[in-house]
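Okay, so here's the structure we're looking at.
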Amino acid sequence: MPRPITAFIDPLALRHNLSVLRQRAPHAKLCAVVKANAYGHGIERLFDALRAADALALLDLSEAERVRAAGWRGPIWLLEGVFEPRDLETCSRLGLWHTVHCDEQIDALSRHKTQEPHRVFLKMNSGMNRLGFDPRRHRSAWARLQALPQVDEISHMTHFSDADGERGIAEQLRVFNEATRDLAGERSLANSAALLRHPETHGDWVRPGIALYGSSPDHPQHDSGHWGLRPVMSLRARLIAVQSLQAGDAVGYGSTFVAPNAMRIGIVACGYADGYPRHAGTGTPVLVDGQRSRTLGRVSMDMLAVDLGPCPQAGVGSEVTLWGRASQGPVLGVDEVAAAAGTLGYELLCALSPRVPVQVL
Ligand SMILES: Cc1ncc(COP(=O)(O)O)c(C=O)c1O
């Protein structure tokens, strides 16, 4: 028997989320961000559902190869562009769109020999200070690209630092609009948070990632239910033991949880080596047989403990949902679990361990 833990991947949920996002941005084309192996879900597992997108965006050439091998003939966009000049050969061979965010990438393009000119997205650093040209240099970079025979279409892009928060997008949007005002080319600005919260950013192409996978981009302000999103990944395990504690008994490494009174606890076949966050302290929500309960004490490599107080019927073999949908129906948002561990749903989804068996629903 394999250890009783499985990650369930629900392509129908992705299909649903994609259509929710389309309805929110009805005038834009939708580029599904599938970097990091579709945020940990597995690109190939979701491939059929992803066909509903207008383009796929990723970072790694090896993932671009995989997407083409799976049969995707639509656009593939390298969000960080090329890392070295010879990557441009792969762009030509696979017909990849690529971001251009620095002079070195333009230099490489100018030396590249290709039969087919490329489509590029010129990236502006409108305030995040990660990738992109200074707004005052965007126009001259555009003019350089415009003069290259290797380039046949130039679009404009930027990325927001605070689309999910209080600071918002207004200043970055103003800078971007001003610097690109009279330049030809399509525009792309919106990640999931901007798509859902700031319709004025939609432009020609939206680039949602996390919302496609059913996690709320602005948790805890709004949960995924608020946005009508469904979890694509559900991590479920089973109880492999039950302990009856007396008042004063401690649980797990470091004895960080001490029972205030007699209680039943369950031991779950899931630990940090499965991708469950070790920093999730006592009180992190779980579903036991679909009923809400909490973790107790420290998460160890292969196990964690849960309170069986709210679910006295539970015993060895009972299902424990660590995040996502329980087989009984109720949902525990990955964002809630992430918050309890001081991180984001993004990190938990991407960190699912390769040792966890995956089942596509
Ligand atoms: C340039 C760019 N666009 C879009 C996205 C998608 O962002 P999100 O997953 O927040 O929707 C990312 C992700 O980091 C990104 O780097």
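Ordering of the structure tokens sets the chain letters (A, B, ...); residue numbers start at 1 within each chain; ligands are numbered from 1 in the order shown.
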Return as an MDAnalysis selection string every polymer residue, whether protein, DNA or RNA, with at least one atom no more than 6 Å from an atom of ligand 1; count only C-alpha atoms and all ligand atoms.
chainID A and resid 33 79 159 191:192 207:210
What's the 12 Å shell around Gln172 of chain A, counting only C-alpha atoms, without same-chain residues fewer than 4 positions away, as an mmCIF file with C-alpha atoms, in the first residue's frame?
```
data_model
loop_
_atom_site.group_PDB
_atom_site.id
_atom_site.type_symbol
_atom_site.label_atom_id
_atom_site.label_comp_id
_atom_site.auth_asym_id
_atom_site.auth_seq_id
_atom_site.Cartn_x
_atom_site.Cartn_y
_atom_site.Cartn_z
ATOM 1 C CA MET A 124 8.606 48.723 -18.917
ATOM 2 C CA ASN A 125 9.721 49.046 -15.327
ATOM 3 C CA SER A 126 6.826 51.231 -14.228
ATOM 4 C CA GLY A 127 7.735 51.030 -10.552
ATOM 5 C CA MET A 128 8.327 47.471 -9.411
ATOM 6 C CA ASN A 129 12.060 47.682 -10.090
ATOM 7 C CA ASP A 134 13.004 52.855 -17.283
ATOM 8 C CA PRO A 135 9.906 54.660 -18.651
ATOM 9 C CA MET A 157 3.942 45.276 -21.135
ATOM 10 C CA THR A 158 4.476 46.058 -17.497
ATOM 11 C CA HIS A 159 3.869 44.255 -14.203
ATOM 12 C CA PHE A 160 2.259 45.606 -11.025
ATOM 13 C CA SER A 161 3.775 45.344 -7.581
ATOM 14 C CA ASP A 162 0.598 46.096 -5.587
ATOM 15 C CA ALA A 163 -2.415 45.077 -7.642
ATOM 16 C CA ARG A 167 -1.267 50.889 -2.818
ATOM 17 C CA GLY A 168 -2.962 49.693 -5.995
ATOM 18 C CA PHE A 176 2.885 53.193 -18.383
ATOM 19 C CA ASN A 177 0.111 54.997 -20.255
ATOM 20 C CA GLU A 178 2.088 58.192 -20.470
ATOM 21 C CA ALA A 179 5.251 56.541 -21.776
ATOM 22 C CA LEU A 189 -0.485 44.701 -17.840
ATOM 23 C CA ALA A 190 -2.800 42.599 -15.699
ATOM 24 C CA ALA A 194 -5.214 43.446 -11.547
ATOM 25 C CA THR A 201 -5.670 47.587 -16.624
#
```
Using only C-alpha atoms, which protein or nucleic acid residues come within 10 Å of segment 314-329 of chain A? Drop anything in the same chain fewer than 3 positions from it, and give the result as a ChimeraX atom specification.
/A:4-10,214-215,230-243,264-270,276,284-295,306,308-311,332-338,345,348-349
Got a sec to tell me which of segment 102-281 of chain A DSSP assigns to helix (DSSP H, G or I), as a ChimeraX atom specification?
/A:103-111,135-146,170-180,192-197,199-201,210-213,224-227,253-255,272-274
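From atom CA of Gly297 of chain A back to atom CA of Asp218 of chain A, the distance works out to 28.3 Å.
Within the 7 Å cut-off around segment 99-109 of chain A, using only C-alpha atoms and omitting residues fewer than 2 positions from it on the same chain, the listed residues are Leu78, Leu79, Glu80, Gly81, Pro85, Arg111, His112, Val120, Phe121, Leu122, Lys123, Leu131, Gly132, Phe133, Leu145 and Gln150 of chain A.
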Please, could you write that set of residues out with N, CA, C and O atoms as a CSV table (one decimal), in the first residue's frame?
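Here's the written file part.csv:
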```csv
chain,number,residue,atom,x,y,z
A,78,LEU,N,7.5,33.8,-23.5
A,78,LEU,CA,8.5,33.7,-22.5
A,78,LEU,C,8.5,35.0,-21.7
A,78,LEU,O,8.9,36.0,-22.1
A,79,LEU,N,8.0,34.9,-20.4
A,79,LEU,CA,7.8,36.1,-19.7
A,79,LEU,C,9.0,36.9,-19.3
A,79,LEU,O,9.0,38.1,-19.0
A,80,GLU,N,10.2,36.2,-19.2
A,80,GLU,CA,11.4,36.9,-18.8
A,80,GLU,C,12.3,37.0,-20.1
A,80,GLU,O,13.5,37.4,-20.0
A,81,GLY,N,11.8,36.5,-21.2
A,81,GLY,CA,12.6,36.6,-22.4
A,81,GLY,C,13.7,35.6,-22.4
A,81,GLY,O,13.7,34.6,-21.6
A,85,PRO,N,22.0,34.5,-25.7
A,85,PRO,CA,21.7,34.6,-27.2
A,85,PRO,C,21.2,33.4,-27.9
A,85,PRO,O,20.3,33.4,-28.7
A,111,ARG,N,21.8,40.5,-33.5
A,111,ARG,CA,22.8,39.6,-34.0
A,111,ARG,C,22.2,38.2,-34.4
A,111,ARG,O,22.9,37.4,-35.0
A,112,HIS,N,21.0,38.0,-34.1
A,112,HIS,CA,20.3,36.7,-34.3
A,112,HIS,C,20.0,36.5,-35.8
A,112,HIS,O,19.4,37.4,-36.4
A,120,VAL,N,7.7,40.4,-30.0
A,120,VAL,CA,8.3,40.7,-28.7
A,120,VAL,C,7.4,41.5,-27.9
A,120,VAL,O,6.6,42.3,-28.4
A,121,PHE,N,7.5,41.4,-26.6
A,121,PHE,CA,6.8,42.3,-25.6
A,121,PHE,C,7.9,43.1,-24.9
A,121,PHE,O,8.7,42.6,-24.2
A,122,LEU,N,7.9,44.4,-25.2
A,122,LEU,CA,8.8,45.3,-24.6
A,122,LEU,C,8.3,45.7,-23.2
A,122,LEU,O,7.2,46.2,-23.0
A,123,LYS,N,9.2,45.4,-22.2
A,123,LYS,CA,8.7,45.5,-20.8
A,123,LYS,C,9.2,46.8,-20.2
A,123,LYS,O,10.4,47.1,-20.3
A,131,LEU,N,12.1,43.8,-13.5
A,131,LEU,CA,12.6,43.8,-14.9
A,131,LEU,C,12.0,45.0,-15.6
A,131,LEU,O,10.9,45.4,-15.3
A,132,GLY,N,12.7,45.4,-16.7
A,132,GLY,CA,12.1,46.4,-17.6
A,132,GLY,C,12.9,47.6,-17.8
A,132,GLY,O,13.7,48.0,-16.9
A,133,PHE,N,12.6,48.3,-18.8
A,133,PHE,CA,13.3,49.6,-19.1
A,133,PHE,C,12.6,50.7,-18.3
A,133,PHE,O,11.4,50.8,-18.1
A,145,LEU,N,14.1,48.3,-31.5
A,145,LEU,CA,13.4,47.1,-31.9
A,145,LEU,C,12.8,47.2,-33.3
A,145,LEU,O,12.8,46.4,-34.1
A,150,GLN,N,14.8,41.4,-37.4
A,150,GLN,CA,14.5,40.2,-36.7
A,150,GLN,C,13.1,40.3,-35.9
A,150,GLN,O,12.7,39.3,-35.4
```
May I have a table of the residues of segment 197-311 of chain A lying at most 8 Å from segment 24-31 of chain A, giving each one's closest pair of atoms and their distance in Å to one decimal, counting only C-alpha atoms, ordered by chain and ascending residue number, as CSV?
```
residue,atom,partner,partner_atom,distance
A:Pro199,CA,A:Ala25,CA,7.1
A:His202,CA,A:Ala28,CA,6.3
A:Gly203,CA,A:Ala28,CA,6.3
A:Asp204,CA,A:Ala28,CA,4.8
A:Trp205,CA,A:Lys29,CA,4.7
A:Val206,CA,A:Leu30,CA,5.2
A:Arg207,CA,A:Cys31,CA,4.9
A:Pro208,CA,A:Cys31,CA,6.9
```
